[in-house]
Number of protein chains: 2
Amino acid sequence: MRLSQYFLPLIRENPNEAQIVSHRLMLRAGMVRQSAAGIYSWLPLGLRVLKRVEQIVREEQDRTGAQEILMPTIQPADLWRESGRYDDYGEEMLRIRDRHEREMLYGPTNEEMVTAIVRDAIKSYRDLPKNLYHIQWKFRDEVRPRFGVMRGREFLMKDAYSFDLDAAGAKHSYNKMFVAYLRTFARMGLKAIPMRAETGPIGGDLSHEFQVLAETGESEVFVHPDYLEMDWESFDDGWYQASGRDALEAAVAHFTGLYAATGDIHDPAQCPVPADKLVTARGIEVGQTFYFGTKYSVPMGAVVNLADGRSAPLEMGSYGIGVSRLVGALIEANHDDGGIIWPDSVAPFRVGLINLRAGDAKCAVAADELYARLSDRGIEVLYDDRDESPGAKFATMDLIGLPWQLIVGPRGIAAGTVELKNRRSGERLELAAEAALQRIAT
Amino acid sequence: MRLSQYFLPLIRENPNEAQIVSHRLMLRAGMVRQSAAGIYSWLPLGLRVLKRVEQIVREEQDRTGAQEILMPTIQPADLWRESGRYDDYGEEMLRIRDRHEREMLYGPTNEEMVTAIVRDAIKSYRDLPKNLYHIQWKFRDEVRPRFGVMRGREFLMKDAYSFDLDAAGAKHSYNKMFVAYLRTFARMGLKAIPMRAETGPIGGDLSHEFQVLAETGESEVFVHPDYLEMDWESFDDGWYQASGRDALEAAVAHFTGLYAATGDIHDPAQCPVPADKLVTARGIEVGQTFYFGTKYSVPMGAVVNLADGRSAPLEMGSYGIGVSRLVGALIEANHDDGGIIWPDSVAPFRVGLINLRAGDAKCAVAADELYARLSDRGIEVLYDDRDESPGAKFATMDLIGLPWQLIVGPRGIAAGTVELKNRRSGERLELAAEAALQRIAT
C-alpha cells in the first residue's frame, strides 16, 4: 500500500480527550475515530490490527474443536425473561422498542440466545459435547465510557458457550478454553495472568479473569511473584494435540496454583503470599471464563435425552475475550515515546518502506523495486512515497509502529545499500537489498 | 470436519413459516435459525457460505483501490440531523435512547457517518480520490420481514462511499464500482442485470440496481432479451488493470446500453423494445449504486481546499451489496428438488465424503484415509462418518449441496474404487481414489 493513497489521518498533537497512552496513540496513528461517546469507527490501519487479533482468537478457538457461528446483535427481551435476567441486568443493557412496540435489546452477551438455539437443535446426549462461539459486536451502555476502545460501549467480543452432559465434561470444556486462552494471549506476546474472579451477572461458581499487567489497567491486582517468570508460550501444537484430559487439568492447575486475585476478592488476611513478596499491580482484563452449570439450561428447558431414557439439563460454561479491547491492551504493553511497537503477530503491515527523497528519480526507482520485491514475496508493506521531510517520515513510521523500517536514500544508493531498522530494538543496519529482504522475511 | 461432531441441525420436513425455496433450504440444511422476526443466527454451515460471499465482495472492492474500514452499528441521531434525513427516514429506522436519554439509531446506511469521518480527516484536494467501504450489520425495521435472509431486519451489507473533487472524478469512481459489481456477481456465478433505478432515501440522480433474475424475486423487471446472452465474466484481472477511464466508461455503456427497468420506473409507452421481444421476469436486488454529488457534503460542510486557494464540497457516491441477502439469492438461483447446489466459489466445503457403512472396519479405514489425503491437500471436506443409512447420507449431502460427493462403500473397496458424484451435473463415476482426488482438486 502506498501511503500517498492510504487513508491514514495522522494527528500531530496529543488529543485532549485521551487519558491513556493507547487511546492517544490510536487516535494519533489514524487507527480509530470516535463516532459517539464510547463508539468508534475503525480506519484502515486500525481495522488491520483488529482483524489480526480476531484471527488469532478464531484459530485458537477452532483448535479446541469449538465451532464458529454468528448470532445477531439485536435480541428479543422475551428470551431474557426466560432466564430471569431481563429485569436484573440494569442500565448497561441498551433496551429498544421496535416499530411494533416489541421489546428488544442490543446483546451485551449471548447465554440466552445460544441456549435457545441448542435447546431446539440438540436432543440427544450423543450430540454432546459442543462448543459454539461467535465474534460479534456487543453493546454495554457504560455510564462513563472512557479509555478509547478499552472501555467503549460498542465493542467486539468473542464469546464461546460449552454444552456438556455432566459436570466432569463441563470442567474439561472449561479447561480446554482455559488453555486456549493462555495460547491466544501468548501468540500476541501478552502475559495474561488468570485470576479467580467474581462471576457477576453471568453467574456460576467458577470463574477466571485473564489480566494483562499494565500501569494503566483499571483493576488493582495482587499476584505471586513467580507468575512474572512463568513460561507462557509452552502450549505449542504438539502439546495441545497430545494432551488428554489429565494433562489439561494439570496445566490449568499449574497456571492457577499460585495466588492471584483482583482487588474485588483480594483479602490480605487470607493471602498466602507474604506482604513483602506479593506483587501489587494494575491489570487490564482481556478475557473471562465462567462455569455456571445449569443456570440457564434449567429455566430455559435445555435438556437432552440420556441413554437410559431419562433426560438431563445441559451443563454449560461461557468464555469471553475482548477482541477490540485487546488492540488497546496490546498498545499499553507495547509502546515507547515515539509511538506504538507492534508485535509481529498483530502488526498491520510487516514493513514500512521509506523513500527519503520522493523527488529523486534514482531513489524512486529503487524504492519502487523494493516495494515490488517485498509484495511479490507476500510481505505486507506500507510504502511512504509521500513528498515529506525525512524527519516527518521517520516520525510517522515510529508512531504507527511497524516491526521493520526499510529506508532508501541517495547515500545508500551510491553505496549499494539500504538501511534496515528494527522498531522494537532500535537496531539499524546498512545492508544490501537482498540481505535486508531476507532478514525481514524470517 | 466430521459430521458426527459438526453442529448441523437438519430439518426433515419443510418448515411452515418459509414461503420461498431459499428460506426453506437454509432452515432445513441447518444454515440459519430465526432468533426474532427478521433476525437470524448463522450456524456453522451458513456462516461458512456467508464468509465466502463476503470475501469475494471484499476482494473485488480491494481490487478497485477502495479501502476497508469498519464503522459501528449504533449512530448518534444528531449526525442525521446534519443531513436532514433524521426526520425523513421513517419507521424503518430503529430509533434508540441510551441511558442518558441521548437519541441514537441502529444504522440502516452510513452516508452521514462516513462523511463526518472524511470531513474531519481530508482537507486537501491532494488527498482525493478516496473510496472507503465497510462490511457491517445494518438494521431496517421492515414492517413485514419475510423470505428469511432475503428481507430480514438485521442484515449484512457492504457499503462503499466514494469521494472526489469533481463530477467527472465521481463518475469515474462510479464506473469503477459498477464494473466491480459485475465482476463480484459473476464470480458467484450470478447474472446480475444493472437497471436504472429510483434513488429513494439515499438521493441523487444516477442509480443502478443489480437484479438477479429468479422466479421468487420481489421486483418485477423488464429487460431486453440480449441481456440474457451477454458475457458477464469478461472482466478478468488483466482487463481491469489495463483499463483506463475510457475503457471503463465504454464497459458501463455496454452493460447499460440496452433497456432494463424495474417495475417502479418501467413505462411501456417509453420502452424501445417491442412488447413481444421484451422479457418480463422477476428479480432479486443484490446491489445498488448511487451518485448523489454534494447532497451530503454541502449540508455537512465536507469541503477540501483546492490548489488555487478556494474550497469545494466533496462529490460523492455510495454503493451497496446485500451480503447476507446474496446467500439467499444464490440458493434461489442454484437448487433442485434434492436441495442446494453451491457454485464452487461459495461452497461451504468442496467435498462431502460419505462412508456408506460406518460400522465396517475396512470402510472406516478407507474413508479416514481419504479424509486425511483431502485435508492434506488443503481441500475442505465434510466427512459423513455417522451411523446412518446410505439413503439418509445421500439425502443429507444432496440437501446441503457441496459440489462433489465422494462415496466409500464395501463394493467399491473390493473393486479398488470410490464413487465420485458431481452435485450439479449428477454425473457419477467409479474411479481409483487418486483419480477421484485429482478430479476434485482441479
# chains A, B, ... in the order shown; residues from 1 in each chain; ligands from 1
>>> interface_residues(of="chain B", to="chain A", cutoff="6 Å", atoms="only C-alpha atoms", output="ChimeraX atom specification")
/B:9,41-44,68-72,96,121
>>> select_by_dssp(residues="range 151-381 of chain A", states="strand (DSSP E or B)", output="compact mmCIF listing (two decimals) with N, CA and C atoms, in the first residue's frame")
# COMPACT_ATOMS: atom_id res chain seq x y z
N ARG A 151 -12.66 0.75 27.13
CA ARG A 151 -13.95 0.67 27.81
C ARG A 151 -14.98 1.43 26.98
N GLU A 154 -19.81 0.14 22.31
CA GLU A 154 -19.93 -0.89 21.26
C GLU A 154 -18.56 -1.52 21.12
N PHE A 155 -18.47 -2.81 21.35
CA PHE A 155 -17.15 -3.44 21.36
C PHE A 155 -17.25 -4.84 20.77
N LEU A 156 -16.12 -5.32 20.25
CA LEU A 156 -16.11 -6.64 19.61
C LEU A 156 -15.67 -7.69 20.62
N MET A 157 -16.51 -8.70 20.80
CA MET A 157 -16.21 -9.74 21.77
C MET A 157 -16.29 -11.10 21.10
N LYS A 158 -15.38 -11.98 21.46
CA LYS A 158 -15.52 -13.40 21.15
C LYS A 158 -16.18 -14.03 22.36
N ASP A 159 -17.31 -14.67 22.16
CA ASP A 159 -17.91 -15.40 23.28
C ASP A 159 -18.23 -16.81 22.84
N ALA A 160 -17.73 -17.75 23.63
CA ALA A 160 -17.93 -19.17 23.36
C ALA A 160 -18.83 -19.76 24.45
N TYR A 161 -19.57 -20.80 24.08
CA TYR A 161 -20.51 -21.43 25.01
C TYR A 161 -20.36 -22.94 24.91
N SER A 162 -20.05 -23.56 26.04
CA SER A 162 -19.87 -25.01 26.02
C SER A 162 -21.10 -25.71 26.59
N PHE A 163 -21.41 -26.87 25.99
CA PHE A 163 -22.57 -27.66 26.37
C PHE A 163 -22.10 -29.09 26.62
N ASP A 164 -22.31 -29.56 27.83
CA ASP A 164 -21.86 -30.91 28.19
C ASP A 164 -22.96 -31.65 28.94
N ALA A 192 -1.02 -12.93 30.15
CA ALA A 192 -2.32 -12.67 30.78
C ALA A 192 -2.45 -13.65 31.95
N ILE A 193 -2.44 -13.10 33.15
CA ILE A 193 -2.45 -13.94 34.35
C ILE A 193 -3.88 -14.28 34.73
N PRO A 194 -4.19 -15.60 34.83
CA PRO A 194 -5.55 -15.99 35.22
C PRO A 194 -5.76 -15.78 36.71
N MET A 195 -6.87 -15.17 37.07
CA MET A 195 -7.17 -14.90 38.48
C MET A 195 -8.59 -15.32 38.79
N ARG A 196 -8.76 -15.94 39.93
CA ARG A 196 -10.13 -16.25 40.38
C ARG A 196 -10.90 -14.95 40.45
N LEU A 206 -17.55 -20.75 39.32
CA LEU A 206 -16.14 -20.88 38.95
C LEU A 206 -15.88 -19.89 37.82
N SER A 207 -14.90 -19.03 38.03
CA SER A 207 -14.61 -18.05 37.00
C SER A 207 -13.17 -17.58 37.13
N HIS A 208 -12.54 -17.33 35.99
CA HIS A 208 -11.22 -16.71 35.98
C HIS A 208 -11.24 -15.49 35.07
N GLU A 209 -10.63 -14.43 35.54
CA GLU A 209 -10.32 -13.30 34.68
C GLU A 209 -8.88 -13.45 34.22
N PHE A 210 -8.62 -13.08 32.96
CA PHE A 210 -7.25 -13.07 32.44
C PHE A 210 -6.81 -11.61 32.39
N GLN A 211 -5.81 -11.28 33.20
CA GLN A 211 -5.40 -9.90 33.37
C GLN A 211 -3.99 -9.68 32.81
N VAL A 212 -3.87 -8.72 31.91
CA VAL A 212 -2.56 -8.28 31.41
C VAL A 212 -2.07 -7.16 32.33
N LEU A 213 -0.88 -7.32 32.87
CA LEU A 213 -0.36 -6.27 33.75
C LEU A 213 0.03 -5.04 32.93
N SER A 219 -8.03 -2.47 36.84
CA SER A 219 -8.18 -3.29 38.03
C SER A 219 -6.89 -3.27 38.85
N GLU A 220 -7.05 -3.25 40.15
CA GLU A 220 -5.89 -3.49 41.00
C GLU A 220 -5.77 -5.00 41.15
N VAL A 221 -4.55 -5.53 40.99
CA VAL A 221 -4.38 -6.98 41.09
C VAL A 221 -3.22 -7.31 42.03
N PHE A 222 -3.31 -8.50 42.62
CA PHE A 222 -2.32 -8.96 43.59
C PHE A 222 -1.86 -10.35 43.14
N VAL A 223 -0.58 -10.48 42.81
CA VAL A 223 -0.14 -11.76 42.25
C VAL A 223 1.17 -12.24 42.88
N ALA A 260 -3.31 -15.31 42.90
CA ALA A 260 -3.53 -14.17 42.01
C ALA A 260 -4.99 -13.77 42.19
N ALA A 261 -5.21 -12.50 42.49
CA ALA A 261 -6.58 -12.08 42.76
C ALA A 261 -6.76 -10.62 42.37
N THR A 262 -7.96 -10.31 41.90
CA THR A 262 -8.27 -8.91 41.64
C THR A 262 -8.64 -8.25 42.97
N VAL A 279 3.18 -9.15 44.68
CA VAL A 279 3.24 -8.10 43.67
C VAL A 279 1.88 -7.41 43.58
N THR A 280 1.90 -6.13 43.80
CA THR A 280 0.68 -5.33 43.63
C THR A 280 0.82 -4.56 42.33
N ALA A 281 -0.13 -4.70 41.47
CA ALA A 281 0.00 -4.07 40.16
C ALA A 281 -1.39 -3.71 39.65
N ARG A 282 -1.41 -3.20 38.42
CA ARG A 282 -2.70 -2.93 37.79
C ARG A 282 -2.83 -3.83 36.56
N GLY A 283 -4.05 -4.22 36.29
CA GLY A 283 -4.27 -5.17 35.20
C GLY A 283 -5.39 -4.73 34.26
N ILE A 284 -5.27 -5.18 33.02
CA ILE A 284 -6.33 -4.99 32.02
C ILE A 284 -6.97 -6.35 31.80
N GLU A 285 -8.26 -6.44 32.04
CA GLU A 285 -8.94 -7.71 31.85
C GLU A 285 -9.17 -7.93 30.36
N VAL A 286 -8.59 -8.98 29.81
CA VAL A 286 -8.75 -9.24 28.37
C VAL A 286 -9.63 -10.46 28.09
N GLY A 287 -9.94 -11.22 29.13
CA GLY A 287 -10.80 -12.37 28.93
C GLY A 287 -11.37 -12.84 30.25
N GLN A 288 -12.49 -13.56 30.17
CA GLN A 288 -13.04 -14.16 31.39
C GLN A 288 -13.74 -15.46 31.04
N THR A 289 -13.57 -16.44 31.90
CA THR A 289 -14.19 -17.75 31.69
C THR A 289 -15.14 -18.03 32.85
N PHE A 290 -16.26 -18.69 32.54
CA PHE A 290 -17.28 -18.98 33.55
C PHE A 290 -17.75 -20.42 33.42
N TYR A 291 -17.89 -21.07 34.53
CA TYR A 291 -18.64 -22.33 34.57
C TYR A 291 -19.87 -22.06 35.43
N PHE A 292 -21.05 -22.27 34.85
CA PHE A 292 -22.26 -21.98 35.63
C PHE A 292 -23.28 -23.12 35.58
N GLY A 293 -22.81 -24.29 35.13
CA GLY A 293 -23.66 -25.48 35.23
C GLY A 293 -25.00 -25.32 34.53
N VAL A 303 -32.64 -29.48 27.66
CA VAL A 303 -32.33 -30.81 28.18
C VAL A 303 -32.02 -31.77 27.03
N VAL A 304 -31.31 -32.83 27.34
CA VAL A 304 -31.08 -33.88 26.34
C VAL A 304 -31.56 -35.22 26.90
N ASN A 305 -31.92 -36.09 25.98
CA ASN A 305 -32.28 -37.44 26.35
C ASN A 305 -31.02 -38.26 26.61
N SER A 311 -33.94 -37.74 31.06
CA SER A 311 -33.38 -36.55 30.41
C SER A 311 -32.64 -35.73 31.45
N ALA A 312 -31.72 -34.88 30.98
CA ALA A 312 -30.90 -34.09 31.91
C ALA A 312 -30.64 -32.71 31.31
N PRO A 313 -30.62 -31.69 32.18
CA PRO A 313 -30.32 -30.33 31.67
C PRO A 313 -28.84 -30.24 31.28
N GLU A 315 -25.10 -28.96 30.94
CA GLU A 315 -24.09 -28.31 31.78
C GLU A 315 -23.33 -27.31 30.92
N MET A 316 -23.30 -26.06 31.35
CA MET A 316 -22.77 -25.03 30.47
C MET A 316 -21.67 -24.16 31.10
N GLY A 317 -20.88 -23.58 30.20
CA GLY A 317 -19.94 -22.54 30.59
C GLY A 317 -19.90 -21.50 29.49
N SER A 318 -19.37 -20.31 29.81
CA SER A 318 -19.18 -19.33 28.74
C SER A 318 -17.82 -18.68 28.90
N TYR A 319 -17.30 -18.13 27.80
CA TYR A 319 -15.88 -17.78 27.70
C TYR A 319 -15.73 -16.57 26.80
N GLY A 320 -15.37 -15.45 27.38
CA GLY A 320 -15.29 -14.21 26.59
C GLY A 320 -13.87 -13.71 26.41
N ILE A 321 -13.62 -13.14 25.25
CA ILE A 321 -12.37 -12.39 25.01
C ILE A 321 -12.76 -11.05 24.41
N GLY A 322 -12.20 -9.99 24.96
CA GLY A 322 -12.48 -8.65 24.44
C GLY A 322 -11.57 -8.35 23.27
N HIS A 335 4.78 0.04 23.60
CA HIS A 335 4.94 1.40 23.06
C HIS A 335 6.18 2.03 23.68
N ASP A 336 6.63 3.11 23.08
CA ASP A 336 7.66 3.95 23.70
C ASP A 336 7.31 5.40 23.40
N GLY A 339 6.00 6.08 19.85
CA GLY A 339 4.73 5.54 19.37
C GLY A 339 4.54 4.07 19.69
N ILE A 340 3.80 3.41 18.80
CA ILE A 340 3.43 2.01 19.00
C ILE A 340 4.57 1.10 18.56
N VAL A 351 6.35 -4.29 7.18
CA VAL A 351 7.42 -3.36 6.83
C VAL A 351 6.88 -1.99 6.49
N GLY A 352 7.58 -0.96 6.96
CA GLY A 352 7.37 0.39 6.44
C GLY A 352 8.55 0.74 5.55
N LEU A 353 8.27 0.92 4.27
CA LEU A 353 9.32 1.25 3.31
C LEU A 353 9.33 2.77 3.14
N ILE A 354 10.49 3.38 3.38
CA ILE A 354 10.59 4.84 3.31
C ILE A 354 11.49 5.24 2.15
N ASN A 355 10.93 6.02 1.25
CA ASN A 355 11.76 6.67 0.25
C ASN A 355 12.10 8.06 0.80
N VAL A 381 3.55 -4.45 3.01
CA VAL A 381 4.38 -3.24 3.07
C VAL A 381 3.51 -2.01 3.06
>>> residues_around(residues="range 409-419 of chain A", least_positions_apart="3", cutoff="7 Å", atoms="only C-alpha atoms", output="list in words")
Asn355, Leu356, Arg357, Cys363, Leu406, Arg428, Leu429, Glu430, Leu431, Ala432 and Ala433 of chain A
>>> atom_distance(atom1="CA of Asp205 in chain B", atom2="CA of Tyr296 in chain B")
13.6 Å
>>> select_by_dssp(residues="range 203-357 of chain B", states="alpha helix (DSSP H)", output="number ranges by chain")
B: 237-242, 245-256, 297-300, 323-333
>>> write_last_selection(atoms="N, CA and C atoms", output="compact mmCIF listing (two decimals), in the first residue's frame")
# COMPACT_ATOMS: atom_id res chain seq x y z
N ASP B 237 -8.66 -10.08 -14.45
CA ASP B 237 -7.69 -9.17 -13.85
C ASP B 237 -7.00 -8.29 -14.87
N GLY B 238 -6.60 -8.92 -15.98
CA GLY B 238 -5.85 -8.18 -16.98
C GLY B 238 -6.67 -7.03 -17.54
N TRP B 239 -7.91 -7.33 -17.85
CA TRP B 239 -8.78 -6.29 -18.38
C TRP B 239 -8.86 -5.12 -17.41
N TYR B 240 -9.05 -5.49 -16.17
CA TYR B 240 -9.30 -4.49 -15.15
C TYR B 240 -8.09 -3.60 -14.93
N GLN B 241 -6.93 -4.24 -14.87
CA GLN B 241 -5.70 -3.49 -14.62
C GLN B 241 -5.38 -2.56 -15.79
N ALA B 242 -5.62 -3.07 -17.00
CA ALA B 242 -5.21 -2.33 -18.18
C ALA B 242 -6.17 -1.18 -18.52
N ARG B 245 -9.81 5.17 -17.94
CA ARG B 245 -11.10 5.80 -17.73
C ARG B 245 -12.06 5.53 -18.89
N ASP B 246 -11.55 5.62 -20.13
CA ASP B 246 -12.43 5.48 -21.28
C ASP B 246 -12.95 4.06 -21.43
N ALA B 247 -12.03 3.09 -21.24
CA ALA B 247 -12.45 1.69 -21.38
C ALA B 247 -13.51 1.37 -20.34
N LEU B 248 -13.33 1.92 -19.15
CA LEU B 248 -14.29 1.68 -18.08
C LEU B 248 -15.65 2.26 -18.46
N GLU B 249 -15.61 3.46 -18.98
CA GLU B 249 -16.86 4.11 -19.36
C GLU B 249 -17.54 3.32 -20.49
N ALA B 250 -16.73 2.81 -21.42
CA ALA B 250 -17.30 2.04 -22.52
C ALA B 250 -17.94 0.75 -21.98
N ALA B 251 -17.30 0.14 -20.99
CA ALA B 251 -17.85 -1.10 -20.43
C ALA B 251 -19.19 -0.82 -19.76
N VAL B 252 -19.24 0.27 -19.01
CA VAL B 252 -20.51 0.61 -18.35
C VAL B 252 -21.57 0.91 -19.40
N ALA B 253 -21.17 1.63 -20.45
CA ALA B 253 -22.12 1.94 -21.51
C ALA B 253 -22.64 0.65 -22.15
N HIS B 254 -21.74 -0.32 -22.36
CA HIS B 254 -22.13 -1.59 -22.96
C HIS B 254 -23.18 -2.30 -22.09
N PHE B 255 -22.93 -2.31 -20.80
CA PHE B 255 -23.82 -3.07 -19.92
C PHE B 255 -25.06 -2.29 -19.51
N THR B 256 -25.13 -1.04 -19.91
CA THR B 256 -26.33 -0.27 -19.61
C THR B 256 -27.01 0.22 -20.90
N SER B 297 -22.31 16.38 1.37
CA SER B 297 -21.12 17.19 1.69
C SER B 297 -21.48 18.66 1.89
N VAL B 298 -22.47 19.17 1.18
CA VAL B 298 -22.81 20.59 1.37
C VAL B 298 -23.44 20.84 2.74
N PRO B 299 -24.53 20.15 3.11
CA PRO B 299 -25.08 20.45 4.44
C PRO B 299 -24.13 20.09 5.57
N MET B 300 -23.26 19.09 5.36
CA MET B 300 -22.36 18.68 6.45
C MET B 300 -21.02 19.39 6.39
N VAL B 323 -24.89 -8.53 1.37
CA VAL B 323 -24.06 -9.73 1.52
C VAL B 323 -24.89 -10.91 2.04
N SER B 324 -25.66 -10.69 3.10
CA SER B 324 -26.45 -11.82 3.62
C SER B 324 -27.59 -12.17 2.66
N ARG B 325 -28.16 -11.18 2.01
CA ARG B 325 -29.21 -11.47 1.02
C ARG B 325 -28.67 -12.32 -0.12
N LEU B 326 -27.40 -12.09 -0.49
CA LEU B 326 -26.81 -12.87 -1.59
C LEU B 326 -26.83 -14.37 -1.30
N VAL B 327 -26.70 -14.74 -0.04
CA VAL B 327 -26.73 -16.18 0.28
C VAL B 327 -28.08 -16.76 -0.14
N GLY B 328 -29.14 -16.04 0.17
CA GLY B 328 -30.46 -16.48 -0.28
C GLY B 328 -30.59 -16.46 -1.80
N ALA B 329 -30.11 -15.38 -2.41
CA ALA B 329 -30.22 -15.26 -3.87
C ALA B 329 -29.47 -16.38 -4.57
N LEU B 330 -28.32 -16.76 -4.01
CA LEU B 330 -27.54 -17.85 -4.60
C LEU B 330 -28.32 -19.16 -4.57
N ILE B 331 -29.05 -19.39 -3.50
CA ILE B 331 -29.84 -20.63 -3.43
C ILE B 331 -31.02 -20.55 -4.38
N GLU B 332 -31.67 -19.38 -4.47
CA GLU B 332 -32.78 -19.24 -5.42
C GLU B 332 -32.30 -19.60 -6.84
N ALA B 333 -31.07 -19.25 -7.15
CA ALA B 333 -30.55 -19.48 -8.49
C ALA B 333 -29.88 -20.85 -8.65
>>> atom_distance(atom1="CA of Ala302 in chain A", atom2="CA of Leu314 in chain A")
6.1 Å
>>> residues_around(residues="range 180-185 of chain B", least_positions_apart="4", cutoff="6 Å", atoms="only C-alpha atoms", output="list in words")
Val57, Glu60 and Leu190 of chain B
>>> closest_residue(among="A:Leu402, A:Leu374, A:Ala441, A:Met397", to="Phe349 in chain A", atoms="only C-alpha atoms")
A:Leu402
>>> residues_around(residues="Phe394 in chain B", least_positions_apart="5", cutoff="9 Å", atoms="only C-alpha atoms", output="ChimeraX atom specification")
/B:354,389,399,405
>>> residues_around(residues="Arg24 in chain B", least_positions_apart="5", cutoff="10 Å", atoms="only C-alpha atoms", output="list in words")
Ile11, Glu13, Asn14, Pro15, Asn16, Glu17, Ala18, Gln19, Ala29, Phe147, Gly148 and Gly339 of chain B
>>> atom_distance(atom1="CA of Ala395 in chain A", atom2="CA of Ala435 in chain A")
24.9 Å
